[in-house]
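Novice: Next up, entry10.cif (mmCIF, C-alpha atoms).
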```
data_structure
loop_
_atom_site.label_atom_id
_atom_site.label_comp_id
_atom_site.auth_asym_id
_atom_site.auth_seq_id
_atom_site.Cartn_x
_atom_site.Cartn_y
_atom_site.Cartn_z
CA MET A 226 -4.64 43.62 -13.31
CA SER A 227 -4.69 40.99 -16.11
CA ASP A 228 -6.19 37.53 -15.76
CA ASP A 229 -2.78 36.02 -16.64
CA HIS A 230 -1.17 37.93 -13.78
CA ASP A 231 -3.89 36.80 -11.39
CA LEU A 232 -3.42 33.21 -12.48
CA GLU A 233 0.36 33.32 -12.07
CA ARG A 234 -0.05 34.84 -8.59
CA ARG A 235 -2.63 32.24 -7.64
CA GLU A 236 -0.41 29.39 -8.88
CA PHE A 237 2.46 30.79 -6.79
CA ILE A 238 0.24 30.95 -3.70
CA VAL A 239 -1.06 27.41 -4.24
CA ALA A 240 2.44 26.04 -4.72
CA SER A 241 3.73 27.87 -1.63
CA LEU A 242 0.90 26.62 0.57
CA ALA A 243 1.40 23.07 -0.69
CA ALA A 244 5.09 23.20 0.17
CA VAL A 245 4.45 24.53 3.68
CA SER A 246 1.58 22.20 4.54
CA ALA A 247 2.87 18.97 3.01
CA PRO A 248 4.45 17.54 6.20
CA VAL A 249 1.23 18.17 8.16
CA VAL A 250 -0.90 16.42 5.55
CA LEU A 251 1.43 13.44 5.46
CA ALA A 252 1.39 13.11 9.22
CA ALA A 253 -2.37 13.41 9.50
CA GLY A 254 -3.34 11.22 6.56
CA ALA A 255 -0.60 8.73 5.83
CA ALA A 256 -3.10 5.98 5.02
CA ALA A 257 -4.92 8.18 2.52
CA VAL A 258 -1.67 9.17 0.84
CA SER A 259 -0.59 5.54 0.60
CA ALA A 260 -3.90 4.67 -1.06
CA GLN A 261 -3.43 7.47 -3.58
CA GLU A 262 0.11 6.33 -4.37
CA ALA A 263 -1.12 2.77 -4.87
CA ALA A 264 -3.60 4.00 -7.48
CA GLN A 265 -0.99 5.83 -9.55
CA PRO A 266 0.11 4.27 -12.85
CA ALA A 267 3.59 2.77 -12.86
CA ALA A 268 6.31 4.75 -14.58
CA THR A 269 6.20 2.27 -17.46
CA GLY A 270 2.44 2.76 -17.90
CA GLY A 271 -0.26 0.14 -17.63
CA THR A 272 -3.89 -0.08 -16.62
CA VAL A 273 -4.68 0.86 -13.02
CA PHE A 274 -8.01 -0.05 -11.42
CA THR A 275 -9.05 1.89 -8.33
CA GLY A 276 -11.04 -0.98 -6.83
CA ASP A 277 -14.32 0.92 -7.17
CA VAL A 278 -17.32 -0.28 -9.18
CA ILE A 279 -20.04 2.12 -10.42
CA GLN A 280 -23.26 0.71 -11.87
CA GLY A 281 -21.50 -2.57 -12.51
CA LYS A 282 -18.56 -0.98 -14.34
CA ARG A 283 -15.01 -1.02 -12.96
CA VAL A 284 -13.29 2.31 -12.32
CA LEU A 285 -9.77 2.94 -13.58
CA SER A 286 -7.32 5.79 -13.17
CA ALA A 287 -5.14 4.80 -16.11
CA LEU A 288 -5.72 2.69 -19.20
CA ASP A 289 -3.47 0.75 -21.52
CA VAL A 290 -5.59 -1.08 -24.09
CA ASN A 291 -2.74 -3.56 -24.58
CA ASP A 292 -3.70 -5.02 -21.19
CA LEU A 293 -7.23 -5.89 -22.35
CA GLU A 294 -8.50 -9.10 -23.89
CA PRO A 295 -10.13 -8.91 -27.33
CA GLY A 296 -13.80 -7.96 -27.13
CA ARG A 297 -15.96 -5.14 -25.75
CA HIS A 298 -15.14 -3.32 -22.53
CA GLN A 299 -16.81 -0.49 -20.60
CA PHE A 300 -15.23 1.46 -17.75
CA TYR A 301 -15.46 4.68 -15.80
CA PHE A 302 -12.28 6.75 -15.77
CA GLU A 303 -11.61 8.55 -12.51
CA GLY A 304 -11.20 12.21 -13.37
CA VAL A 305 -10.71 15.31 -11.27
CA GLN A 306 -11.95 15.53 -7.70
CA GLY A 307 -14.78 17.98 -7.03
CA ILE A 308 -15.52 20.21 -4.06
CA THR A 309 -17.41 17.44 -2.21
CA GLY A 310 -14.46 15.08 -2.51
CA GLN A 311 -16.13 12.99 -5.17
CA HIS A 312 -14.47 12.43 -8.53
CA ARG A 313 -15.77 13.31 -11.95
CA TYR A 314 -16.11 10.01 -13.80
CA VAL A 315 -15.82 9.74 -17.57
CA SER A 316 -17.50 6.97 -19.59
CA VAL A 317 -15.06 4.89 -21.66
CA ALA A 318 -15.77 2.07 -24.11
CA VAL A 319 -13.19 -0.08 -25.86
CA ALA A 320 -13.67 -2.41 -28.81
CA LYS A 321 -10.51 -4.51 -29.12
CA GLY A 322 -10.09 -6.61 -32.23
CA ALA A 323 -9.16 -10.26 -32.43
CA GLN A 324 -6.07 -9.24 -34.42
CA PRO A 325 -3.47 -6.55 -33.60
CA GLY A 326 -3.58 -3.25 -35.44
CA ARG A 327 -3.84 0.51 -35.08
CA ARG A 328 -5.38 2.22 -32.08
CA VAL A 329 -8.07 4.77 -32.98
CA LEU A 330 -9.34 7.24 -30.38
CA LEU A 331 -12.82 8.80 -30.63
CA THR A 332 -13.75 11.62 -28.22
CA SER A 333 -16.86 13.70 -27.60
CA GLY A 334 -18.44 15.84 -24.91
CA VAL A 335 -15.55 18.28 -24.60
CA HIS A 336 -18.28 20.94 -24.79
CA GLY A 337 -21.51 20.23 -22.96
CA ASP A 338 -23.96 21.47 -25.61
CA GLU A 339 -22.73 19.16 -28.38
CA MET A 340 -25.24 16.32 -28.42
CA SER A 341 -24.84 14.98 -31.96
CA SER A 342 -21.12 14.48 -31.37
CA VAL A 343 -21.81 12.12 -28.47
CA ARG A 344 -24.41 10.12 -30.41
CA THR A 345 -22.05 9.76 -33.37
CA VAL A 346 -19.43 8.07 -31.21
CA GLN A 347 -22.09 5.85 -29.64
CA ARG A 348 -23.34 4.79 -33.08
CA VAL A 349 -19.82 3.91 -34.28
CA MET A 350 -19.17 1.77 -31.23
CA GLU A 351 -22.52 -0.01 -31.65
CA ALA A 352 -21.56 -0.95 -35.21
CA LEU A 353 -18.21 -2.57 -34.40
CA ASP A 354 -17.65 -6.32 -34.17
CA PRO A 355 -14.40 -7.00 -32.27
CA ALA A 356 -14.18 -10.52 -33.69
CA ALA A 357 -13.84 -9.01 -37.18
CA MET A 358 -11.50 -6.17 -36.18
CA SER A 359 -7.75 -5.63 -36.29
CA GLY A 360 -6.65 -3.07 -33.72
CA THR A 361 -8.57 -1.14 -31.10
CA VAL A 362 -11.14 1.65 -30.99
CA THR A 363 -11.37 3.58 -27.72
CA ALA A 364 -14.35 5.90 -27.23
CA VAL A 365 -14.69 8.63 -24.59
CA PHE A 366 -18.21 10.04 -24.52
CA ASP A 367 -18.55 12.70 -21.81
CA ILE A 368 -15.25 14.45 -21.22
CA SER A 369 -16.74 17.61 -19.67
CA GLY A 370 -19.37 16.18 -17.33
CA PRO A 371 -20.25 19.41 -15.49
CA ALA A 372 -20.85 21.21 -18.79
CA LEU A 373 -22.94 18.32 -20.15
CA GLU A 374 -25.13 18.33 -17.06
CA GLY A 375 -26.11 21.93 -17.83
CA MET A 376 -26.03 21.43 -21.62
CA ALA A 377 -23.61 24.35 -21.62
CA ARG A 378 -20.43 24.95 -23.59
CA ARG A 379 -18.16 25.66 -20.61
CA TRP A 380 -17.27 23.90 -17.36
CA PRO A 381 -18.45 25.92 -14.30
CA ASN A 382 -15.30 25.81 -12.21
CA SER A 383 -15.84 26.80 -8.55
CA GLY A 384 -12.32 27.80 -7.62
CA ARG A 385 -13.06 31.53 -7.27
CA GLY A 386 -16.81 31.87 -7.22
CA VAL A 387 -17.78 30.42 -10.59
CA ASP A 388 -15.46 30.68 -13.58
CA LEU A 389 -16.80 29.34 -16.87
CA ILE A 390 -13.87 27.54 -18.47
CA ASP A 391 -13.78 26.20 -22.02
CA MET A 392 -12.19 22.75 -21.80
CA ASN A 393 -11.13 22.98 -25.43
CA ARG A 394 -8.73 25.78 -24.57
CA VAL A 395 -6.83 24.03 -21.72
CA TRP A 396 -5.34 20.90 -23.32
CA PRO A 397 -3.02 19.10 -22.69
CA GLY A 398 -3.95 20.16 -19.19
CA ASP A 399 -1.96 20.02 -15.98
CA GLU A 400 -2.63 17.48 -13.24
CA ASN A 401 -1.52 20.06 -10.64
CA ALA A 402 -3.26 23.14 -12.04
CA PRO A 403 -5.31 25.45 -9.79
CA GLU A 404 -8.48 24.94 -11.91
CA ALA A 405 -10.46 21.70 -11.97
CA PRO A 406 -11.00 21.63 -15.78
CA ARG A 407 -7.28 21.92 -16.47
CA ARG A 408 -6.47 19.22 -13.89
CA HIS A 409 -9.18 17.03 -15.42
CA ALA A 410 -7.71 17.57 -18.89
CA GLY A 411 -4.25 16.65 -17.62
CA LEU A 412 -5.48 13.40 -16.08
CA LEU A 413 -7.31 12.40 -19.24
CA PHE A 414 -4.56 13.41 -21.63
CA ASN A 415 -1.75 11.68 -19.72
CA ARG A 416 -3.52 8.53 -18.53
CA LEU A 417 -6.32 7.81 -21.00
CA LEU A 418 -6.13 9.61 -24.35
CA ARG A 419 -2.50 9.94 -25.43
CA PRO A 420 -1.39 6.44 -24.31
CA ASN A 421 -4.10 4.72 -26.40
CA ALA A 422 -4.08 6.58 -29.72
CA ASP A 423 -2.24 6.20 -32.98
CA VAL A 424 -4.83 8.46 -34.63
CA ALA A 425 -7.72 10.44 -33.12
CA ILE A 426 -11.02 12.11 -34.01
CA ASP A 427 -12.48 14.70 -31.61
CA PHE A 428 -16.16 15.28 -32.42
CA HIS A 429 -17.92 18.63 -31.86
CA THR A 430 -20.81 20.80 -33.00
CA VAL A 431 -21.02 24.57 -33.24
CA SER A 432 -21.86 26.60 -30.13
CA SER A 433 -25.28 27.36 -28.67
CA GLY A 434 -26.95 30.21 -30.52
CA MET A 435 -25.32 29.15 -33.80
CA ASP A 436 -25.83 26.69 -36.64
CA GLY A 437 -23.20 25.30 -38.96
CA THR A 438 -22.54 23.10 -41.95
CA ALA A 439 -21.04 19.63 -41.83
CA PHE A 440 -17.37 20.60 -41.67
CA HIS A 441 -13.97 19.84 -40.18
CA PHE A 442 -11.22 21.73 -38.50
CA ALA A 443 -8.18 19.92 -39.92
CA ASP A 444 -4.55 20.68 -40.69
CA MET A 445 -4.57 19.81 -44.38
CA SER A 446 -0.80 20.29 -44.58
CA HIS A 447 -0.46 17.11 -42.49
CA PRO A 448 -0.73 14.19 -44.95
CA GLU A 449 -2.38 11.70 -42.58
CA VAL A 450 -4.84 14.29 -41.25
CA ALA A 451 -5.74 15.41 -44.77
CA GLU A 452 -6.33 11.82 -45.88
CA MET A 453 -8.68 11.17 -42.97
CA ALA A 454 -10.51 14.49 -43.38
CA MET A 455 -11.34 13.79 -47.01
CA LEU A 456 -12.97 10.46 -46.10
CA PHE A 457 -15.99 12.22 -44.57
CA PRO A 458 -18.88 13.39 -46.79
CA VAL A 459 -18.66 16.92 -45.38
CA ASP A 460 -19.54 20.26 -46.94
CA GLN A 461 -16.45 22.20 -45.90
CA ILE A 462 -13.01 21.92 -44.33
CA PHE A 463 -11.46 24.84 -42.44
CA ALA A 464 -7.74 24.19 -42.72
CA ASP A 465 -6.54 27.07 -40.51
CA THR A 466 -6.23 25.58 -37.00
CA GLU A 467 -3.64 28.01 -35.60
CA PRO A 468 -6.00 30.51 -33.87
CA TYR A 469 -7.31 27.82 -31.52
CA ALA A 470 -4.64 27.28 -28.88
CA GLY A 471 -5.16 24.54 -26.32
CA THR A 472 -7.55 22.42 -28.37
CA LEU A 473 -7.49 18.66 -27.96
CA MET A 474 -6.94 18.21 -31.70
CA ASN A 475 -3.92 20.50 -31.86
CA GLU A 476 -2.32 19.07 -28.73
CA LEU A 477 -2.69 15.50 -29.99
CA VAL A 478 -1.06 16.51 -33.27
CA ALA A 479 1.72 18.21 -31.29
CA VAL A 480 2.65 14.88 -29.65
CA GLY A 481 2.63 13.00 -32.95
CA ILE A 482 -0.96 11.72 -33.07
CA PRO A 483 -2.76 12.70 -36.31
CA ALA A 484 -6.12 14.19 -35.29
CA LEU A 485 -9.00 16.22 -36.71
CA THR A 486 -12.16 17.87 -35.38
CA PRO A 487 -15.42 17.09 -37.17
CA GLU A 488 -18.24 19.59 -36.57
CA LEU A 489 -21.80 18.25 -36.79
CA GLY A 490 -23.98 21.28 -37.34
CA LYS A 491 -26.26 22.67 -34.66
CA PRO A 492 -25.86 22.16 -30.88
CA ARG A 493 -28.27 20.89 -28.22
CA VAL A 494 -30.10 18.42 -30.49
CA LEU A 495 -29.59 15.02 -32.08
CA ASP A 496 -29.48 15.57 -35.84
CA PRO A 497 -29.98 12.14 -37.48
CA GLU A 498 -28.80 13.24 -40.93
CA MET A 499 -25.61 14.80 -39.58
CA ILE A 500 -24.93 11.84 -37.30
CA SER A 501 -25.29 9.38 -40.19
CA ARG A 502 -22.87 11.35 -42.37
CA PHE A 503 -20.20 11.42 -39.70
CA VAL A 504 -20.67 7.78 -38.74
CA GLU A 505 -20.12 6.95 -42.41
CA GLY A 506 -16.96 9.04 -42.49
CA THR A 507 -15.63 7.49 -39.27
CA MET A 508 -16.18 4.00 -40.63
CA ASN A 509 -14.23 5.07 -43.73
CA VAL A 510 -11.34 6.12 -41.48
CA LEU A 511 -11.42 2.77 -39.68
CA LYS A 512 -11.25 1.05 -43.08
CA LEU A 513 -8.35 3.27 -44.12
CA HIS A 514 -6.37 2.10 -41.09
CA GLY A 515 -7.32 -1.55 -41.52
CA VAL A 516 -9.34 -1.74 -38.31
CA ILE A 517 -12.41 -2.97 -40.20
CA GLN A 518 -12.90 -4.24 -43.73
CA GLY A 519 -15.35 -3.30 -46.45
CA PRO A 520 -15.91 -0.85 -49.30
CA MET A 521 -15.57 2.85 -48.65
CA GLY A 522 -18.73 4.91 -48.23
CA ARG A 523 -19.25 8.47 -49.43
CA THR A 524 -16.31 10.85 -49.06
CA GLY A 525 -15.58 14.55 -49.31
CA HIS A 526 -15.11 14.17 -53.05
CA ASP A 527 -18.67 12.87 -53.36
CA ALA A 528 -19.99 15.77 -51.27
CA GLY A 529 -18.13 18.42 -53.27
CA VAL A 530 -16.24 19.59 -50.20
CA PHE A 531 -15.00 23.20 -50.12
CA VAL A 532 -11.53 23.49 -48.52
CA ALA A 533 -10.53 26.90 -47.19
CA VAL A 534 -7.58 28.19 -45.21
CA HIS A 535 -9.15 31.48 -44.09
CA GLY A 536 -12.24 32.47 -42.15
CA ALA A 537 -13.71 35.98 -41.97
CA PRO A 538 -16.20 36.75 -39.18
CA VAL A 539 -19.09 39.19 -39.40
CA ILE A 540 -19.38 40.82 -35.95
CA SER A 541 -22.33 42.85 -34.68
CA THR A 542 -21.63 46.50 -33.92
CA HIS A 543 -24.89 47.13 -32.03
CA GLY A 544 -27.31 45.36 -29.77
CA GLY A 545 -30.66 44.52 -31.28
CA PHE A 546 -32.67 42.15 -33.45
CA VAL A 547 -30.83 40.56 -36.38
CA GLU A 548 -32.29 39.37 -39.67
CA LEU A 549 -29.89 37.18 -41.65
CA LEU A 550 -30.00 37.41 -45.44
CA VAL A 551 -27.87 34.35 -46.33
CA GLU A 552 -28.05 30.59 -45.70
CA LEU A 553 -25.45 28.02 -44.74
CA ARG A 554 -23.17 27.02 -47.65
CA GLU A 555 -24.36 30.02 -49.66
CA LYS A 556 -21.66 31.63 -51.78
CA VAL A 557 -21.28 35.37 -51.20
CA GLU A 558 -19.34 38.19 -52.81
CA ALA A 559 -17.28 40.85 -51.06
CA GLY A 560 -19.57 43.72 -50.15
CA GLN A 561 -22.75 41.66 -50.42
CA ALA A 562 -25.40 42.40 -47.77
CA VAL A 563 -25.61 39.47 -45.33
CA ALA A 564 -27.62 40.83 -42.36
CA VAL A 565 -29.65 43.80 -41.13
CA GLN A 566 -30.34 44.83 -37.55
CA TYR A 567 -33.24 46.64 -35.84
CA ASP A 568 -33.75 48.26 -32.46
CA ALA A 569 -36.79 47.77 -30.20
CA PHE A 570 -38.81 50.28 -32.28
CA GLY A 571 -38.13 48.35 -35.46
CA GLU A 572 -35.85 51.04 -36.83
CA ARG A 573 -32.91 49.81 -38.89
CA ILE A 574 -29.73 50.54 -36.95
CA ALA A 575 -27.09 48.51 -38.79
CA GLU A 576 -26.42 46.72 -42.06
CA TYR A 577 -23.71 44.08 -42.44
CA ALA A 578 -21.82 43.10 -45.58
CA SER A 579 -19.45 40.24 -46.30
CA PRO A 580 -15.83 41.38 -46.09
CA VAL A 581 -14.74 38.65 -48.54
CA ALA A 582 -15.88 36.45 -51.38
CA GLY A 583 -16.47 33.01 -49.92
CA GLU A 584 -18.94 30.51 -48.52
CA ILE A 585 -21.03 30.64 -45.32
CA MET A 586 -19.82 28.08 -42.76
CA ALA A 587 -21.77 29.12 -39.64
CA ARG A 588 -24.46 31.63 -38.76
CA ARG A 589 -26.29 32.81 -35.69
CA THR A 590 -29.68 31.27 -34.86
CA ASP A 591 -30.63 33.51 -31.93
CA ALA A 592 -32.55 36.55 -33.20
CA THR A 593 -31.02 38.99 -30.70
CA CYS A 594 -27.45 39.90 -29.95
CA GLU A 595 -25.24 42.40 -28.19
CA ALA A 596 -22.46 44.37 -29.80
CA GLY A 597 -19.43 42.16 -30.47
CA THR A 598 -21.43 38.99 -31.18
CA PRO A 599 -20.39 36.79 -34.12
CA LEU A 600 -23.23 36.75 -36.65
CA MET A 601 -21.59 34.39 -39.13
CA LEU A 602 -18.28 33.02 -40.35
CA ILE A 603 -17.38 33.06 -44.03
CA LEU A 604 -14.73 30.70 -45.41
CA PHE A 605 -12.54 31.94 -48.23
CA THR A 606 -9.44 30.89 -50.12
CA THR A 607 -8.00 34.15 -51.43
CA GLU A 608 -6.45 36.99 -49.49
CA GLY A 609 -8.98 39.03 -47.53
CA PRO A 610 -8.90 42.05 -45.25
CA ALA A 611 -5.79 42.42 -43.13
CA ASP A 612 -7.72 41.88 -39.90
CA ALA A 613 -9.91 39.02 -41.12
CA GLU A 614 -8.02 36.36 -39.14
CA GLU A 615 -6.97 38.30 -36.07
CA GLU A 616 -10.03 37.52 -33.97
CA GLU A 617 -11.30 34.18 -32.76
CA ALA A 618 -14.88 34.76 -33.80
CA PHE A 619 -16.13 31.22 -34.18
CA PRO A 620 -15.25 28.94 -31.25
CA GLU A 621 -15.46 25.27 -32.22
#
```
Spit out the file's structure as structure tokens when you get a sec.
Specialist:
Amino acid sequence: MSDDHDLERREFIVASLAAVSAPVVLAAGAAAVSAQEAAQPAATGGTVFTGDVIQGKRVLSALDVNDLEPGRHQFYFEGVQGITGQHRYVSVAVAKGAQPGRRVLLTSGVHGDEMSSVRTVQRVMEALDPAAMSGTVTAVFDISGPALEGMARRWPNSGRGVDLIDMNRVWPGDENAPEAPRRHAGLLFNRLLRPNADVAIDFHTVSSGMDGTAFHFADMSHPEVAEMAMLFPVDQIFADTEPYAGTLMNELVAVGIPALTPELGKPRVLDPEMISRFVEGTMNVLKLHGVIQGPMGRTGHDAGVFVAVHGAPVISTHGGFVELLVELREKVEAGQAVAVQYDAFGERIAEYASPVAGEIMARRTDATCEAGTPLMLILFTTEGPADAEEEEAFPE
């Protein structure tokens, strides 16, 4: 039986049980229900505080930055409820300018192994002076708390044993979904992210076991997205965003908010050089939208950015030890040897060649792999093999 079928069946069961048990719950816990209703945002929107305070910071369940006074603000957003009844709280900072202007949203921590993305957003917020700003910058640092706690890519959802769920495949979420990560995404998208963004930047790194260049995922056919993407001094831009359904970037674009996904190299570490490059690019974007003033820093033109609309993965066919023969950003030709693989006796069991002429965007750092593991992703601009884009081989 397929996972989709199981999910549909489970959603039906959950909905049926909720319908049958609702009168009992209301009778037994009317006070609790009233408290929940009081904490819901009004139909017209607006900021809603829960009345709780954590480490001196007020907790809110909905935010409208228009309600805030100019200056710096820090809150905890009340996310999904866990199995102990406690909520998952998300750290939110707002820098609101003295003058009105555009609302820029910066997000990080969608994946829990992406440390440089979090520090980039922190650095941008540290650099802002609300008194000299026009508009508002809202930063969300730790969207997937359970994944961050384990420095892991996926959220360990406990609905049926432990399911590892990628939060960047479940946006825009569903506040009534049967899985905690999708409910969490729905709460954030509806009550925190979408209501406070005219443009957005969702920061990431590559996955554990991989390394990558400084690059973007960005829809370069969208004029505002393309303009923002080129303001970062990045090495590469991967313009094909279609294979990645349910990403925060794509769902923001779908509701009319121009957004892109910067990727800051390797996971699990703070990379000062990468962080500085992406802080510089973010400040350029804020200047573009008039939020701050000043001369532009380095851009993609200065970095000699390579823009590609295709990506061809190299996938292992065996388990074993892998020796890579190419470096990040290296240009390769179709048929060029890019990796060799050995078994436990040191005997060569596989050789891998590039299926296209292009440029290396990401490559594996772990020396071992199983069959079916992505070894690298090669960006290219011309037509490649018919199956080059059929497989999601490089999750962002």
Novice: Report the residues retrieved by the PyMOL selection byres ((chain A and resi 529) around 9) from the displayed file, expressed as a PyMOL selection string.
Specialist: chain A and resi 458-461+524-528+530-531
Novice: Keeping only C-alpha atoms, take the residues you just selected and write them out as a PDB file, keeping the file's coordinate frame.
Specialist:
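Output file part.pdb is given in full below:
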```pdb
ATOM      1  CA  PRO A 458     -18.880  13.390 -46.790  1.00  0.00           C
ATOM      2  CA  VAL A 459     -18.660  16.920 -45.380  1.00  0.00           C
ATOM      3  CA  ASP A 460     -19.540  20.260 -46.940  1.00  0.00           C
ATOM      4  CA  GLN A 461     -16.450  22.200 -45.900  1.00  0.00           C
ATOM      5  CA  THR A 524     -16.310  10.850 -49.060  1.00  0.00           C
ATOM      6  CA  GLY A 525     -15.580  14.550 -49.310  1.00  0.00           C
ATOM      7  CA  HIS A 526     -15.110  14.170 -53.050  1.00  0.00           C
ATOM      8  CA  ASP A 527     -18.670  12.870 -53.360  1.00  0.00           C
ATOM      9  CA  ALA A 528     -19.990  15.770 -51.270  1.00  0.00           C
ATOM     10  CA  VAL A 530     -16.240  19.590 -50.200  1.00  0.00           C
ATOM     11  CA  PHE A 531     -15.000  23.200 -50.120  1.00  0.00           C
TER      12      PHE A 531
END
```
Novice: To verify the selection step, state as a PyMOL selection string which residues the PyMOL selection byres ((chain A and resi 424) around 6) yields on this input.
Specialist: chain A and resi 329+422-423+425+482-484
Novice: Please evaluate the PyMOL selection byres ((chain A and resi 283-290) around 7) against the structure above and give the resulting residues as a ChimeraX atom specification.
Specialist: /A:266,271-279,281-282,291-293,300-303,416-417,420-421
Novice: Now that the selection is made, can you save its residues with C-alpha atoms as a compact mmCIF listing (two decimals), in the frame of the given file?
Specialist:
```txt
# COMPACT_ATOMS: atom_id res chain seq x y z
CA PRO A 266 0.11 4.27 -12.85
CA GLY A 271 -0.26 0.14 -17.63
CA THR A 272 -3.89 -0.08 -16.62
CA VAL A 273 -4.68 0.86 -13.02
CA PHE A 274 -8.01 -0.05 -11.42
CA THR A 275 -9.05 1.89 -8.33
CA GLY A 276 -11.04 -0.98 -6.83
CA ASP A 277 -14.32 0.92 -7.17
CA VAL A 278 -17.32 -0.28 -9.18
CA ILE A 279 -20.04 2.12 -10.42
CA GLY A 281 -21.50 -2.57 -12.51
CA LYS A 282 -18.56 -0.98 -14.34
CA ASN A 291 -2.74 -3.56 -24.58
CA ASP A 292 -3.70 -5.02 -21.19
CA LEU A 293 -7.23 -5.89 -22.35
CA PHE A 300 -15.23 1.46 -17.75
CA TYR A 301 -15.46 4.68 -15.80
CA PHE A 302 -12.28 6.75 -15.77
CA GLU A 303 -11.61 8.55 -12.51
CA ARG A 416 -3.52 8.53 -18.53
CA LEU A 417 -6.32 7.81 -21.00
CA PRO A 420 -1.39 6.44 -24.31
CA ASN A 421 -4.10 4.72 -26.40
```
Novice: From the set A:Thr361, A:Gln347, A:Gln306, A:Thr590, which residue has the shortest atom-to-atom contact distance to Ser501 of chain A, counting all atoms listed in the file?
Specialist: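 Nearest candidate to Ser501 of chain A out of A:Thr361, A:Gln347, A:Gln306, A:Thr590: A:Gln347.
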Novice: Between atom CA of Pro355 of chain A and atom CA of Arg327 of chain A, what is the spacing in Å?
Specialist: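 That distance, rounded to one decimal, is 13.3 Å.
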Novice: Using atom CA of Val395 of chain A and atom CA of Leu473 of chain A as the two end points, give the distance in Å to one decimal.
Specialist: 8.3 Å
Novice: Give me, as a PyMOL selection string, all polymer residues having an atom no more than 10 Å from Val551 of chain A, counting all atoms listed in the file and skipping those fewer than 3 positions away in the same chain.
Specialist: chain A and resi 548+554-557+561-564+584-585+588+601
Novice: Using the selection just defined, write its residues with C-alpha atoms as a compact mmCIF listing (two decimals), in the frame of the given file.
Specialist:
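Output saved as again_15.txt:
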```txt
# COMPACT_ATOMS: atom_id res chain seq x y z
CA GLU A 548 -32.29 39.37 -39.67
CA ARG A 554 -23.17 27.02 -47.65
CA GLU A 555 -24.36 30.02 -49.66
CA LYS A 556 -21.66 31.63 -51.78
CA VAL A 557 -21.28 35.37 -51.20
CA GLN A 561 -22.75 41.66 -50.42
CA ALA A 562 -25.40 42.40 -47.77
CA VAL A 563 -25.61 39.47 -45.33
CA ALA A 564 -27.62 40.83 -42.36
CA GLU A 584 -18.94 30.51 -48.52
CA ILE A 585 -21.03 30.64 -45.32
CA ARG A 588 -24.46 31.63 -38.76
CA MET A 601 -21.59 34.39 -39.13
```
Novice: May I have the protein, DNA and RNA residues with an atom at most 6 Å from (-26.2, 45.1, -30.9), counting only C-alpha atoms in the file's coordinates, returned as a list in words?
Specialist: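 Protein, DNA and RNA residues close to (-26.2, 45.1, -30.9): Ser541, Thr542, His543, Gly544, Gly545, Cys594, Glu595 and Ala596 of chain A.
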Novice: In Å, with one decimal, what is the gap from atom CA of Ala559 of chain A to atom CA of Val532 of chain A?
Specialist: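 Separation between atom CA of Ala559 of chain A and atom CA of Val532 of chain A: 18.5 Å.
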Novice: Give as a short mmCIF file (atom, residue, chain, number, x, y, z; two decimals) with C-alpha atoms, keeping the file's coordinate frame the set of residues within 10 Å of the point (-21.0, 22.5, -28.8), where distances use the file's coordinates and only C-alpha atoms.
Specialist:
```
data_model
loop_
_atom_site.label_atom_id
_atom_site.label_comp_id
_atom_site.auth_asym_id
_atom_site.auth_seq_id
_atom_site.Cartn_x
_atom_site.Cartn_y
_atom_site.Cartn_z
CA SER A 333 -16.86 13.70 -27.60
CA GLY A 334 -18.44 15.84 -24.91
CA VAL A 335 -15.55 18.28 -24.60
CA HIS A 336 -18.28 20.94 -24.79
CA GLY A 337 -21.51 20.23 -22.96
CA ASP A 338 -23.96 21.47 -25.61
CA GLU A 339 -22.73 19.16 -28.38
CA MET A 340 -25.24 16.32 -28.42
CA SER A 341 -24.84 14.98 -31.96
CA SER A 342 -21.12 14.48 -31.37
CA LEU A 373 -22.94 18.32 -20.15
CA MET A 376 -26.03 21.43 -21.62
CA ALA A 377 -23.61 24.35 -21.62
CA ARG A 378 -20.43 24.95 -23.59
CA ARG A 379 -18.16 25.66 -20.61
CA PHE A 428 -16.16 15.28 -32.42
CA HIS A 429 -17.92 18.63 -31.86
CA THR A 430 -20.81 20.80 -33.00
CA VAL A 431 -21.02 24.57 -33.24
CA SER A 432 -21.86 26.60 -30.13
CA SER A 433 -25.28 27.36 -28.67
CA GLY A 434 -26.95 30.21 -30.52
CA MET A 435 -25.32 29.15 -33.80
CA GLU A 488 -18.24 19.59 -36.57
CA LEU A 489 -21.80 18.25 -36.79
CA GLY A 490 -23.98 21.28 -37.34
CA LYS A 491 -26.26 22.67 -34.66
CA PRO A 492 -25.86 22.16 -30.88
CA ARG A 493 -28.27 20.89 -28.22
CA PRO A 620 -15.25 28.94 -31.25
CA GLU A 621 -15.46 25.27 -32.22
#
```
Novice: Between A:Arg394, A:Ser316, A:Arg385, A:Ala592, which one has atoms that come closest to Val365 of chain A, using all atoms listed in the file?
Specialist: A:Ser316
Novice: Got a sec: who's within 7 Å of Ala364 of chain A, counting all atoms listed in the file, leaving out chain neighbours fewer than 5 positions off, as a list in words?
Specialist: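 Listed by chain and then number, they are Val317, Ala318, Val319, Leu330, Leu331, Thr332 and Val346 of chain A.
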Novice: When you look at Ile462 of chain A with a cut-off of 7 Å (counting only C-alpha atoms), what residues show up, excluding the ones that are within fewer than 3 positions of it in the same chain? I need them as a list in words.
Specialist: Phe440, His441, Phe442, Ala443, Phe531, Val532 and Ala533 of chain A
Novice: Counting only C-alpha atoms, figure out which residue out of A:Gly360, A:Gly522, A:Gly370, A:Gly270 gets nearest to Val305 of chain A.
Specialist: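 Looking at the shortest contact to Val305 of chain A, the residue is A:Gly370.
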